[in-house]
Amino acid sequence: MTAQHQSGLASFTGDANPYGGGDPYADYRTADFPFTQYANLADRRLGAGVIAANDEFFAQRENLLVPERAEFDPEHFGHKGKIMDGWETRRRRGASSEHPWPTAEDHDWALVRLGAPGVIRGIVVDTAHFRGNYPQAVSVEAASVPGSPSPEELLGDDVKWSTLVPRTPIGGHAANGFAVQAEQRFTHLRVNQHPDGGIARLRVHGEVVPDPEWLSVLGTFDVVALENGGQVENASNLFYSPATNTIQPGRSRKMDDGWETRRRRDRGNDWISYRLVAQSLIRAVEIDTAYLKGNSAGWASVSVKDGEDGEWTEILPRTRLQPDTNHRFVLPTPAVGTHARVDIFPDGGISRLRLHGSLTEQGTAGLAARHQELGG
């Protein structure tokens with residue numbers, strides 16, 4: 001199966017200019033890719049990792065998944081040469097003086113374990129600061145392998161790899177985006193650079209598709225958590241940080257690891273709407289304002305609806321929040337829903353929202369059917 005990337009996306013090829021001083025991002029080439037609305041399945045916070053690479057002579061493979069954008073220090077050199085914030089391999093050579101060039105098939109590769117299995121909607125191969133030392137082209141393959149396979153097992157002949165991004169020329173010092181049209185659940189990627197060079201960051205945007213058997217064994221779990229298949233559908237304001245932060249694993253570790261809005265100067269309020277993993281029975285709510293001290297929301301309420309056309313029902317009335325505090329609420333009556341919404345008053349932020357519950361029979365059946373449909 002091959003999923004060609006969609007036409008119409010901005011694409012970049014060729015070298016960038018040599019660094020001339022000043023802001024290294026001043027001439028960075030980028031674009032708005034529509035698929036970036038989806039969560040990054042290769043997020044370290046979800047448990048993603050670069051588990052192997054054939055070469056990392058100049059810069060280690062783990063840099064690919066660092067959440068922050070790549071940094072550049074023109075004076076930073078080591079024993080092997082210029083130290084780059086990315087994954088960079090040595091220069092390939094041919095077989096002899098008569099044929100000093102790499103062959104058309106020569107390439108370097110890295111194996112990436114997604115933090116959460118899912119359907120991939122788009123990939124960004126970022127070559128920030130790799131101006132003349134980026135790969136000529138890249139390709140990306142994906143596989144669905146259960147459990148925790150070793151690199152040797154992933155490279156075995158029995159693993160079926162599907163091409164998500166065919167071999168495609170890219171540009172240096174640029175965000176190279178590829179839309180993906182493959183309705184299949186994947187767990188691992190193989191990122192190839194042809195023939196060699198450096199990639200700063202890899203982002204894999206998509207929808208989490210959890211294992212229904214695992215959720216069934218858990219019984220009660222967070223039905224809005226990103227790692228369990230929840231997702232943000234919309235938000236009133238994303239000025240300081242993404243709303244998806246509110247359903248990331250673990251507690252927030254710093255202020256920008258939550259969701260914070262700009263200051264409102266009207267009589268409105270801010271909100272986030274979510275899609276739950278499937279139809280769920282919600283029994284308890286957590287709203288955390290960790291690290292939001294002078295800018296936490298003053299009050300919050302939570303509502304749910306059952307189905308796209310269902311009516312919103314408030315399950316947690318407007319309640320006073322404290323700064324830098326985790327608030328826990330047991331619902332007097334369990335609530336059934338497929339969607340949730342948190343409203344904060346009037347503005348500010350929260351770091352995490354947790355909705356603890358379990359799947360209904362309808363939710364379990366729907367999730368199992370989707371998992372099977374996507375090859376899980």
# chains A, B, ... in the order shown; residues from 1 in each chain; ligands from 1
>>> residues_around(residues="Pro24 of chain A", least_positions_apart="2", cutoff="10 Å", atoms="only C-alpha atoms", output="list of chain:residue names")
A:Pro18, A:Tyr19, A:Gly20, A:Gly21, A:Gly22, A:Ala26, A:Asp27, A:Tyr28, A:Glu71, A:Phe72, A:Asp73, A:Pro74, A:Ala128, A:His129, A:His173
>>> residues_around(residues="segment 117-123 of chain A", least_positions_apart="2", cutoff="7 Å", atoms="only C-alpha atoms", output="PDB file with all heavy atoms, in the first residue's frame")
ATOM      1  N   PHE A  35      -2.803  19.517   8.589  1.00  0.00           N
ATOM      2  CA  PHE A  35      -2.829  18.335   9.459  1.00  0.00           C
ATOM      3  C   PHE A  35      -2.205  18.569  10.832  1.00  0.00           C
ATOM      4  O   PHE A  35      -2.309  17.715  11.717  1.00  0.00           O
ATOM      5  CB  PHE A  35      -2.145  17.148   8.771  1.00  0.00           C
ATOM      6  CG  PHE A  35      -0.759  17.437   8.260  1.00  0.00           C
ATOM      7  CD1 PHE A  35       0.323  17.530   9.130  1.00  0.00           C
ATOM      8  CD2 PHE A  35      -0.529  17.616   6.910  1.00  0.00           C
ATOM      9  CE1 PHE A  35       1.603  17.802   8.669  1.00  0.00           C
ATOM     10  CE2 PHE A  35       0.745  17.880   6.435  1.00  0.00           C
ATOM     11  CZ  PHE A  35       1.815  17.974   7.310  1.00  0.00           C
ATOM     12  N   LEU A 114       6.120   5.083  17.740  1.00  0.00           N
ATOM     13  CA  LEU A 114       5.150   6.114  18.063  1.00  0.00           C
ATOM     14  C   LEU A 114       4.787   6.039  19.543  1.00  0.00           C
ATOM     15  O   LEU A 114       4.744   4.957  20.129  1.00  0.00           O
ATOM     16  CB  LEU A 114       3.898   5.972  17.199  1.00  0.00           C
ATOM     17  CG  LEU A 114       4.098   6.138  15.690  1.00  0.00           C
ATOM     18  CD1 LEU A 114       2.766   5.957  14.969  1.00  0.00           C
ATOM     19  CD2 LEU A 114       4.709   7.491  15.361  1.00  0.00           C
ATOM     20  N   GLY A 115       4.499   7.185  20.140  1.00  0.00           N
ATOM     21  CA  GLY A 115       4.117   7.200  21.538  1.00  0.00           C
ATOM     22  C   GLY A 115       2.758   6.575  21.764  1.00  0.00           C
ATOM     23  O   GLY A 115       2.495   6.004  22.820  1.00  0.00           O
ATOM     24  N   VAL A 125       9.012  16.711   8.219  1.00  0.00           N
ATOM     25  CA  VAL A 125      10.448  16.439   8.301  1.00  0.00           C
ATOM     26  C   VAL A 125      11.130  17.802   8.305  1.00  0.00           C
ATOM     27  O   VAL A 125      11.204  18.483   7.277  1.00  0.00           O
ATOM     28  CB  VAL A 125      10.926  15.574   7.120  1.00  0.00           C
ATOM     29  CG1 VAL A 125      12.435  15.371   7.190  1.00  0.00           C
ATOM     30  CG2 VAL A 125      10.196  14.229   7.111  1.00  0.00           C
ATOM     31  N   GLY A 177       6.556  19.345   4.743  1.00  0.00           N
ATOM     32  CA  GLY A 177       5.325  18.706   5.192  1.00  0.00           C
ATOM     33  C   GLY A 177       4.752  17.771   4.154  1.00  0.00           C
ATOM     34  O   GLY A 177       4.795  18.040   2.944  1.00  0.00           O
ATOM     35  N   PHE A 178       4.181  16.659   4.638  1.00  0.00           N
ATOM     36  CA  PHE A 178       3.585  15.648   3.766  1.00  0.00           C
ATOM     37  C   PHE A 178       2.255  15.204   4.363  1.00  0.00           C
ATOM     38  O   PHE A 178       2.224  14.681   5.482  1.00  0.00           O
ATOM     39  CB  PHE A 178       4.505  14.434   3.630  1.00  0.00           C
ATOM     40  CG  PHE A 178       5.895  14.762   3.157  1.00  0.00           C
ATOM     41  CD1 PHE A 178       6.900  15.023   4.087  1.00  0.00           C
ATOM     42  CD2 PHE A 178       6.202  14.829   1.816  1.00  0.00           C
ATOM     43  CE1 PHE A 178       8.187  15.330   3.679  1.00  0.00           C
ATOM     44  CE2 PHE A 178       7.485  15.129   1.390  1.00  0.00           C
ATOM     45  CZ  PHE A 178       8.484  15.390   2.316  1.00  0.00           C
ATOM     46  N   ALA A 179       1.161  15.414   3.639  1.00  0.00           N
ATOM     47  CA  ALA A 179      -0.133  14.888   4.060  1.00  0.00           C
ATOM     48  C   ALA A 179      -0.186  13.401   3.738  1.00  0.00           C
ATOM     49  O   ALA A 179       0.326  12.960   2.701  1.00  0.00           O
ATOM     50  CB  ALA A 179      -1.263  15.631   3.365  1.00  0.00           C
ATOM     51  N   VAL A 180      -0.785  12.632   4.620  1.00  0.00           N
ATOM     52  CA  VAL A 180      -0.842  11.175   4.459  1.00  0.00           C
ATOM     53  C   VAL A 180      -2.294  10.736   4.369  1.00  0.00           C
ATOM     54  O   VAL A 180      -3.142  11.199   5.123  1.00  0.00           O
ATOM     55  CB  VAL A 180      -0.145  10.470   5.658  1.00  0.00           C
ATOM     56  CG1 VAL A 180      -0.312   8.959   5.576  1.00  0.00           C
ATOM     57  CG2 VAL A 180       1.334  10.845   5.698  1.00  0.00           C
ATOM     58  N   GLN A 181      -2.574   9.819   3.444  1.00  0.00           N
ATOM     59  CA  GLN A 181      -3.927   9.303   3.250  1.00  0.00           C
ATOM     60  C   GLN A 181      -3.888   7.780   3.353  1.00  0.00           C
ATOM     61  O   GLN A 181      -3.987   7.081   2.360  1.00  0.00           O
ATOM     62  CB  GLN A 181      -4.480   9.751   1.892  1.00  0.00           C
ATOM     63  CG  GLN A 181      -4.621  11.264   1.753  1.00  0.00           C
ATOM     64  CD  GLN A 181      -4.987  11.678   0.351  1.00  0.00           C
ATOM     65  OE1 GLN A 181      -4.474  11.137  -0.622  1.00  0.00           O
ATOM     66  NE2 GLN A 181      -5.876  12.648   0.235  1.00  0.00           N
ATOM     67  N   GLU A 183      -5.731   4.996   5.750  1.00  0.00           N
ATOM     68  CA  GLU A 183      -6.650   4.674   6.844  1.00  0.00           C
ATOM     69  C   GLU A 183      -6.229   3.354   7.476  1.00  0.00           C
ATOM     70  O   GLU A 183      -6.848   2.311   7.257  1.00  0.00           O
ATOM     71  CB  GLU A 183      -8.084   4.617   6.329  1.00  0.00           C
ATOM     72  CG  GLU A 183      -8.663   5.961   5.953  1.00  0.00           C
ATOM     73  CD  GLU A 183      -8.779   6.898   7.156  1.00  0.00           C
ATOM     74  OE1 GLU A 183      -9.127   6.410   8.250  1.00  0.00           O
ATOM     75  OE2 GLU A 183      -8.523   8.110   7.001  1.00  0.00           O
ATOM     76  N   GLN A 184      -5.163   3.424   8.251  1.00  0.00           N
ATOM     77  CA  GLN A 184      -4.630   2.234   8.902  1.00  0.00           C
ATOM     78  C   GLN A 184      -3.965   2.645  10.205  1.00  0.00           C
ATOM     79  O   GLN A 184      -3.426   3.750  10.325  1.00  0.00           O
ATOM     80  CB  GLN A 184      -3.615   1.533   7.987  1.00  0.00           C
ATOM     81  CG  GLN A 184      -3.127   0.195   8.496  1.00  0.00           C
ATOM     82  CD  GLN A 184      -2.243  -0.525   7.485  1.00  0.00           C
ATOM     83  OE1 GLN A 184      -2.260  -0.204   6.292  1.00  0.00           O
ATOM     84  NE2 GLN A 184      -1.477  -1.485   7.952  1.00  0.00           N
ATOM     85  N   ARG A 185      -3.989   1.762  11.187  1.00  0.00           N
ATOM     86  CA  ARG A 185      -3.381   2.010  12.490  1.00  0.00           C
ATOM     87  C   ARG A 185      -1.929   1.551  12.452  1.00  0.00           C
ATOM     88  O   ARG A 185      -1.632   0.406  12.125  1.00  0.00           O
ATOM     89  CB  ARG A 185      -4.142   1.242  13.573  1.00  0.00           C
ATOM     90  CG  ARG A 185      -3.616   1.372  14.994  1.00  0.00           C
ATOM     91  CD  ARG A 185      -4.491   0.498  15.888  1.00  0.00           C
ATOM     92  NE  ARG A 185      -4.171   0.615  17.306  1.00  0.00           N
ATOM     93  CZ  ARG A 185      -3.326  -0.175  17.962  1.00  0.00           C
ATOM     94  NH1 ARG A 185      -2.677  -1.135  17.310  1.00  0.00           N
ATOM     95  NH2 ARG A 185      -3.127  -0.020  19.255  1.00  0.00           N
ATOM     96  N   PHE A 186      -0.999   2.466  12.781  1.00  0.00           N
ATOM     97  CA  PHE A 186       0.428   2.166  12.753  1.00  0.00           C
ATOM     98  C   PHE A 186       1.039   2.348  14.141  1.00  0.00           C
ATOM     99  O   PHE A 186       0.556   3.145  14.951  1.00  0.00           O
ATOM    100  CB  PHE A 186       1.158   3.069  11.753  1.00  0.00           C
ATOM    101  CG  PHE A 186       0.764   2.826  10.319  1.00  0.00           C
ATOM    102  CD1 PHE A 186       0.063   3.788   9.601  1.00  0.00           C
ATOM    103  CD2 PHE A 186       1.092   1.639   9.682  1.00  0.00           C
ATOM    104  CE1 PHE A 186      -0.301   3.575   8.288  1.00  0.00           C
ATOM    105  CE2 PHE A 186       0.729   1.415   8.361  1.00  0.00           C
ATOM    106  CZ  PHE A 186       0.027   2.380   7.661  1.00  0.00           C
ATOM    107  N   THR A 187       2.133   1.614  14.377  1.00  0.00           N
ATOM    108  CA  THR A 187       2.840   1.693  15.656  1.00  0.00           C
ATOM    109  C   THR A 187       4.275   2.193  15.508  1.00  0.00           C
ATOM    110  O   THR A 187       4.841   2.733  16.457  1.00  0.00           O
ATOM    111  CB  THR A 187       2.885   0.319  16.332  1.00  0.00           C
ATOM    112  OG1 THR A 187       3.579  -0.610  15.466  1.00  0.00           O
ATOM    113  CG2 THR A 187       1.482  -0.214  16.605  1.00  0.00           C
ATOM    114  N   ARG A 203       7.917  15.294  13.176  1.00  0.00           N
ATOM    115  CA  ARG A 203       6.599  15.403  13.800  1.00  0.00           C
ATOM    116  C   ARG A 203       5.631  14.520  13.009  1.00  0.00           C
ATOM    117  O   ARG A 203       5.590  14.565  11.779  1.00  0.00           O
ATOM    118  CB  ARG A 203       6.096  16.851  13.788  1.00  0.00           C
ATOM    119  CG  ARG A 203       7.058  17.848  14.447  1.00  0.00           C
ATOM    120  CD  ARG A 203       7.169  17.640  15.944  1.00  0.00           C
ATOM    121  NE  ARG A 203       7.976  18.647  16.601  1.00  0.00           N
ATOM    122  CZ  ARG A 203       9.091  18.398  17.275  1.00  0.00           C
ATOM    123  NH1 ARG A 203       9.545  17.141  17.370  1.00  0.00           N
ATOM    124  NH2 ARG A 203       9.764  19.356  17.859  1.00  0.00           N
ATOM    125  N   VAL A 204       4.843  13.729  13.752  1.00  0.00           N
ATOM    126  CA  VAL A 204       3.928  12.772  13.126  1.00  0.00           C
ATOM    127  C   VAL A 204       2.526  13.055  13.658  1.00  0.00           C
ATOM    128  O   VAL A 204       2.179  12.668  14.783  1.00  0.00           O
ATOM    129  CB  VAL A 204       4.340  11.316  13.437  1.00  0.00           C
ATOM    130  CG1 VAL A 204       3.423  10.336  12.712  1.00  0.00           C
ATOM    131  CG2 VAL A 204       5.799  11.075  13.042  1.00  0.00           C
ATOM    132  N   HIS A 205       1.710  13.741  12.872  1.00  0.00           N
ATOM    133  CA  HIS A 205       0.404  14.197  13.332  1.00  0.00           C
ATOM    134  C   HIS A 205      -0.680  13.194  12.955  1.00  0.00           C
ATOM    135  O   HIS A 205      -0.728  12.719  11.818  1.00  0.00           O
ATOM    136  CB  HIS A 205       0.088  15.570  12.736  1.00  0.00           C
ATOM    137  CG  HIS A 205       1.046  16.640  13.153  1.00  0.00           C
ATOM    138  ND1 HIS A 205       0.942  17.281  14.359  1.00  0.00           N
ATOM    139  CD2 HIS A 205       2.154  17.150  12.548  1.00  0.00           C
ATOM    140  CE1 HIS A 205       1.932  18.165  14.478  1.00  0.00           C
ATOM    141  NE2 HIS A 205       2.679  18.098  13.393  1.00  0.00           N
ATOM    142  N   GLY A 206      -1.541  12.888  13.918  1.00  0.00           N
ATOM    143  CA  GLY A 206      -2.597  11.930  13.634  1.00  0.00           C
ATOM    144  C   GLY A 206      -3.543  11.745  14.791  1.00  0.00           C
ATOM    145  O   GLY A 206      -3.575  12.519  15.747  1.00  0.00           O
ATOM    146  N   GLU A 207      -4.356  10.686  14.690  1.00  0.00           N
ATOM    147  CA  GLU A 207      -5.382  10.376  15.677  1.00  0.00           C
ATOM    148  C   GLU A 207      -5.020   9.083  16.393  1.00  0.00           C
ATOM    149  O   GLU A 207      -4.768   8.061  15.752  1.00  0.00           O
ATOM    150  CB  GLU A 207      -6.732  10.221  14.998  1.00  0.00           C
ATOM    151  CG  GLU A 207      -7.191  11.460  14.234  1.00  0.00           C
ATOM    152  CD  GLU A 207      -8.444  11.182  13.424  1.00  0.00           C
ATOM    153  OE1 GLU A 207      -9.499  10.868  14.042  1.00  0.00           O
ATOM    154  OE2 GLU A 207      -8.385  11.267  12.191  1.00  0.00           O
ATOM    155  N   VAL A 208      -5.022   9.112  17.701  1.00  0.00           N
ATOM    156  CA  VAL A 208      -4.716   7.924  18.487  1.00  0.00           C
ATOM    157  C   VAL A 208      -5.835   6.891  18.326  1.00  0.00           C
ATOM    158  O   VAL A 208      -7.019   7.230  18.393  1.00  0.00           O
ATOM    159  CB  VAL A 208      -4.551   8.277  19.976  1.00  0.00           C
ATOM    160  CG1 VAL A 208      -4.347   7.013  20.812  1.00  0.00           C
ATOM    161  CG2 VAL A 208      -3.391   9.247  20.164  1.00  0.00           C
ATOM    162  N   VAL A 209      -5.453   5.643  18.109  1.00  0.00           N
ATOM    163  CA  VAL A 209      -6.403   4.530  18.059  1.00  0.00           C
ATOM    164  C   VAL A 209      -5.951   3.513  19.105  1.00  0.00           C
ATOM    165  O   VAL A 209      -5.038   2.723  18.865  1.00  0.00           O
ATOM    166  CB  VAL A 209      -6.466   3.889  16.660  1.00  0.00           C
ATOM    167  CG1 VAL A 209      -7.473   2.737  16.655  1.00  0.00           C
ATOM    168  CG2 VAL A 209      -6.830   4.921  15.611  1.00  0.00           C
ATOM    169  N   PRO A 210      -6.562   3.519  20.288  1.00  0.00           N
ATOM    170  CA  PRO A 210      -6.092   2.650  21.368  1.00  0.00           C
ATOM    171  C   PRO A 210      -6.510   1.197  21.150  1.00  0.00           C
ATOM    172  O   PRO A 210      -7.372   0.886  20.319  1.00  0.00           O
ATOM    173  CB  PRO A 210      -6.785   3.244  22.602  1.00  0.00           C
ATOM    174  CG  PRO A 210      -8.065   3.794  22.048  1.00  0.00           C
ATOM    175  CD  PRO A 210      -7.723   4.335  20.688  1.00  0.00           C
TER     176      PRO A 210
END
>>> closest_atom_pairs(of="segment 56-82 of chain A", to="segment 99-112 of chain A", cutoff="12 Å", atoms="only C-alpha atoms", output="tab-separated table")
residue	atom	partner	partner_atom	distance
A:Glu56	CA	A:Asp108	CA	9.3
A:Phe57	CA	A:Asp108	CA	11.4
A:Gln60	CA	A:Ala110	CA	10.6
A:Arg61	CA	A:Ala110	CA	7.3
A:Glu62	CA	A:Val112	CA	9.6
A:Asn63	CA	A:Ala110	CA	11.6
A:Leu64	CA	A:Val112	CA	9.4
A:Leu65	CA	A:Val112	CA	9.2
>>> write_last_selection(atoms="N, CA and C atoms", output="PDB file, in the first residue's frame")
ATOM      1  N   GLU A  56      24.773   7.657  13.217  1.00  0.00           N
ATOM      2  CA  GLU A  56      24.519   8.936  13.890  1.00  0.00           C
ATOM      3  C   GLU A  56      25.865   9.563  14.248  1.00  0.00           C
ATOM      4  N   PHE A  57      26.730   9.623  13.252  1.00  0.00           N
ATOM      5  CA  PHE A  57      28.119  10.018  13.470  1.00  0.00           C
ATOM      6  C   PHE A  57      28.228  11.441  14.008  1.00  0.00           C
ATOM      7  N   GLN A  60      23.102  12.741  17.363  1.00  0.00           N
ATOM      8  CA  GLN A  60      22.382  11.549  17.746  1.00  0.00           C
ATOM      9  C   GLN A  60      20.928  11.566  17.322  1.00  0.00           C
ATOM     10  N   ARG A  61      20.427  10.366  17.120  1.00  0.00           N
ATOM     11  CA  ARG A  61      19.081  10.162  16.593  1.00  0.00           C
ATOM     12  C   ARG A  61      17.992  10.693  17.526  1.00  0.00           C
ATOM     13  N   GLU A  62      18.244  10.656  18.855  1.00  0.00           N
ATOM     14  CA  GLU A  62      17.215  11.063  19.818  1.00  0.00           C
ATOM     15  C   GLU A  62      16.769  12.512  19.631  1.00  0.00           C
ATOM     16  N   ASN A  63      17.623  13.338  19.030  1.00  0.00           N
ATOM     17  CA  ASN A  63      17.263  14.739  18.809  1.00  0.00           C
ATOM     18  C   ASN A  63      16.022  14.896  17.938  1.00  0.00           C
ATOM     19  N   LEU A  64      15.716  13.892  17.129  1.00  0.00           N
ATOM     20  CA  LEU A  64      14.573  13.993  16.218  1.00  0.00           C
ATOM     21  C   LEU A  64      13.270  14.312  16.943  1.00  0.00           C
ATOM     22  N   LEU A  65      13.111  13.814  18.169  1.00  0.00           N
ATOM     23  CA  LEU A  65      11.831  13.931  18.860  1.00  0.00           C
ATOM     24  C   LEU A  65      11.829  14.958  19.985  1.00  0.00           C
TER      25      LEU A  65
END
>>> select_by_dssp(residues="segment 100-252 of chain A", states="strand (DSSP E or B)", output="number ranges by chain")
A: 108-126, 137-143, 162-169, 171, 174-179, 186-194, 198-199, 201-208, 221-222, 231-235
>>> closest_residue(among="A:Ala300, A:Ala52, A:Ile282, A:Asp347", to="Asp266 of chain A", atoms="only C-alpha atoms")
A:Asp347
>>> closest_residue(among="A:Gly307, A:Pro249, A:Gly348, A:Gly337", to="Gly47 of chain A", atoms="only C-alpha atoms")
A:Pro249
>>> closest_residue(among="A:Ser236, A:Asn176, A:Asn269, A:Asn245", to="Ala31 of chain A", atoms="only C-alpha atoms")
A:Asn176
>>> residues_around(residues="Gly81 of chain A", least_positions_apart="6", cutoff="12 Å", atoms="only C-alpha atoms", output="PyMOL selection string")
chain A and resi 57-59+74-75+88-90
>>> closest_residue(among="A:His194, A:Arg91, A:Arg113, A:Arg354", to="Gly49 of chain A", atoms="only C-alpha atoms")
A:Arg113
>>> residues_around(residues="Ala142 of chain A", least_positions_apart="4", cutoff="6 Å", atoms="only C-alpha atoms", output="list in words")
Trp161, Ser162, His188 and Leu189 of chain A
>>> write_last_selection(atoms="all heavy atoms", output="PDB file, in the first residue's frame")
ATOM      1  N   TRP A 161       5.967  -3.328   5.761  1.00  0.00           N
ATOM      2  CA  TRP A 161       6.093  -1.869   5.798  1.00  0.00           C
ATOM      3  C   TRP A 161       5.277  -1.248   4.667  1.00  0.00           C
ATOM      4  O   TRP A 161       5.334  -1.710   3.530  1.00  0.00           O
ATOM      5  CB  TRP A 161       7.557  -1.445   5.670  1.00  0.00           C
ATOM      6  CG  TRP A 161       8.378  -1.810   6.872  1.00  0.00           C
ATOM      7  CD1 TRP A 161       9.084  -2.952   7.066  1.00  0.00           C
ATOM      8  CD2 TRP A 161       8.548  -1.023   8.051  1.00  0.00           C
ATOM      9  NE1 TRP A 161       9.703  -2.937   8.293  1.00  0.00           N
ATOM     10  CE2 TRP A 161       9.393  -1.758   8.932  1.00  0.00           C
ATOM     11  CE3 TRP A 161       8.093   0.229   8.462  1.00  0.00           C
ATOM     12  CZ2 TRP A 161       9.773  -1.280  10.181  1.00  0.00           C
ATOM     13  CZ3 TRP A 161       8.462   0.701   9.708  1.00  0.00           C
ATOM     14  CH2 TRP A 161       9.295  -0.042  10.548  1.00  0.00           C
ATOM     15  N   SER A 162       4.532  -0.206   4.984  1.00  0.00           N
ATOM     16  CA  SER A 162       3.734   0.530   4.002  1.00  0.00           C
ATOM     17  C   SER A 162       4.358   1.898   3.773  1.00  0.00           C
ATOM     18  O   SER A 162       4.751   2.573   4.727  1.00  0.00           O
ATOM     19  CB  SER A 162       2.292   0.711   4.494  1.00  0.00           C
ATOM     20  OG  SER A 162       1.677  -0.537   4.721  1.00  0.00           O
ATOM     21  N   HIS A 188       4.905   1.979  14.328  1.00  0.00           N
ATOM     22  CA  HIS A 188       6.310   2.312  14.123  1.00  0.00           C
ATOM     23  C   HIS A 188       6.522   2.944  12.748  1.00  0.00           C
ATOM     24  O   HIS A 188       5.761   2.676  11.812  1.00  0.00           O
ATOM     25  CB  HIS A 188       7.190   1.059  14.218  1.00  0.00           C
ATOM     26  CG  HIS A 188       7.234   0.449  15.587  1.00  0.00           C
ATOM     27  ND1 HIS A 188       6.198  -0.321  16.078  1.00  0.00           N
ATOM     28  CD2 HIS A 188       8.173   0.507  16.572  1.00  0.00           C
ATOM     29  CE1 HIS A 188       6.492  -0.721  17.306  1.00  0.00           C
ATOM     30  NE2 HIS A 188       7.680  -0.238  17.633  1.00  0.00           N
ATOM     31  N   LEU A 189       7.561   3.773  12.651  1.00  0.00           N
ATOM     32  CA  LEU A 189       7.963   4.380  11.384  1.00  0.00           C
ATOM     33  C   LEU A 189       9.411   4.037  11.086  1.00  0.00           C
ATOM     34  O   LEU A 189      10.222   3.836  11.996  1.00  0.00           O
ATOM     35  CB  LEU A 189       7.834   5.909  11.435  1.00  0.00           C
ATOM     36  CG  LEU A 189       6.458   6.534  11.609  1.00  0.00           C
ATOM     37  CD1 LEU A 189       6.562   8.045  11.483  1.00  0.00           C
ATOM     38  CD2 LEU A 189       5.463   5.986  10.611  1.00  0.00           C
TER      39      LEU A 189
END
>>> atom_distance(atom1="atom CA of Gly357 of chain A", atom2="atom CA of Thr333 of chain A")
11.9 Å
>>> decode(residues="segment 271-275 of chain A", atoms="all heavy atoms", output="PDB file, in the first residue's frame")
ATOM      1  N   TRP A 271     -12.972  28.367  26.430  1.00  0.00           N
ATOM      2  CA  TRP A 271     -13.440  26.984  26.517  1.00  0.00           C
ATOM      3  C   TRP A 271     -12.628  26.077  25.588  1.00  0.00           C
ATOM      4  O   TRP A 271     -11.964  26.541  24.660  1.00  0.00           O
ATOM      5  CB  TRP A 271     -14.919  26.895  26.148  1.00  0.00           C
ATOM      6  CG  TRP A 271     -15.230  27.566  24.827  1.00  0.00           C
ATOM      7  CD1 TRP A 271     -15.646  28.850  24.641  1.00  0.00           C
ATOM      8  CD2 TRP A 271     -15.103  26.986  23.517  1.00  0.00           C
ATOM      9  NE1 TRP A 271     -15.790  29.123  23.287  1.00  0.00           N
ATOM     10  CE2 TRP A 271     -15.470  28.002  22.578  1.00  0.00           C
ATOM     11  CE3 TRP A 271     -14.731  25.740  23.037  1.00  0.00           C
ATOM     12  CZ2 TRP A 271     -15.462  27.781  21.201  1.00  0.00           C
ATOM     13  CZ3 TRP A 271     -14.712  25.523  21.661  1.00  0.00           C
ATOM     14  CH2 TRP A 271     -15.089  26.538  20.764  1.00  0.00           C
ATOM     15  N   ILE A 272     -12.699  24.775  25.863  1.00  0.00           N
ATOM     16  CA  ILE A 272     -12.156  23.732  24.986  1.00  0.00           C
ATOM     17  C   ILE A 272     -13.224  22.659  24.842  1.00  0.00           C
ATOM     18  O   ILE A 272     -13.872  22.280  25.823  1.00  0.00           O
ATOM     19  CB  ILE A 272     -10.893  23.061  25.571  1.00  0.00           C
ATOM     20  CG1 ILE A 272      -9.821  24.078  25.927  1.00  0.00           C
ATOM     21  CG2 ILE A 272     -10.329  22.033  24.593  1.00  0.00           C
ATOM     22  CD1 ILE A 272      -8.627  23.457  26.662  1.00  0.00           C
ATOM     23  N   SER A 273     -13.409  22.158  23.612  1.00  0.00           N
ATOM     24  CA  SER A 273     -14.301  21.020  23.402  1.00  0.00           C
ATOM     25  C   SER A 273     -13.478  19.804  22.989  1.00  0.00           C
ATOM     26  O   SER A 273     -12.465  19.926  22.291  1.00  0.00           O
ATOM     27  CB  SER A 273     -15.357  21.328  22.330  1.00  0.00           C
ATOM     28  OG  SER A 273     -14.751  21.604  21.081  1.00  0.00           O
ATOM     29  N   TYR A 274     -13.911  18.631  23.441  1.00  0.00           N
ATOM     30  CA  TYR A 274     -13.173  17.391  23.232  1.00  0.00           C
ATOM     31  C   TYR A 274     -14.084  16.304  22.663  1.00  0.00           C
ATOM     32  O   TYR A 274     -15.294  16.296  22.906  1.00  0.00           O
ATOM     33  CB  TYR A 274     -12.624  16.846  24.556  1.00  0.00           C
ATOM     34  CG  TYR A 274     -11.797  17.795  25.376  1.00  0.00           C
ATOM     35  CD1 TYR A 274     -12.400  18.677  26.282  1.00  0.00           C
ATOM     36  CD2 TYR A 274     -10.407  17.801  25.290  1.00  0.00           C
ATOM     37  CE1 TYR A 274     -11.645  19.527  27.059  1.00  0.00           C
ATOM     38  CE2 TYR A 274      -9.645  18.656  26.077  1.00  0.00           C
ATOM     39  CZ  TYR A 274     -10.263  19.514  26.960  1.00  0.00           C
ATOM     40  OH  TYR A 274      -9.514  20.350  27.738  1.00  0.00           O
ATOM     41  N   ARG A 275     -13.450  15.354  21.974  1.00  0.00           N
ATOM     42  CA  ARG A 275     -14.115  14.108  21.623  1.00  0.00           C
ATOM     43  C   ARG A 275     -13.531  13.011  22.504  1.00  0.00           C
ATOM     44  O   ARG A 275     -12.304  12.843  22.568  1.00  0.00           O
ATOM     45  CB  ARG A 275     -13.892  13.759  20.148  1.00  0.00           C
ATOM     46  CG  ARG A 275     -14.521  12.420  19.730  1.00  0.00           C
ATOM     47  CD  ARG A 275     -14.128  12.059  18.303  1.00  0.00           C
ATOM     48  NE  ARG A 275     -14.711  12.990  17.365  1.00  0.00           N
ATOM     49  CZ  ARG A 275     -15.933  12.857  16.828  1.00  0.00           C
ATOM     50  NH1 ARG A 275     -16.686  11.823  17.171  1.00  0.00           N
ATOM     51  NH2 ARG A 275     -16.393  13.734  15.975  1.00  0.00           N
TER      52      ARG A 275
END
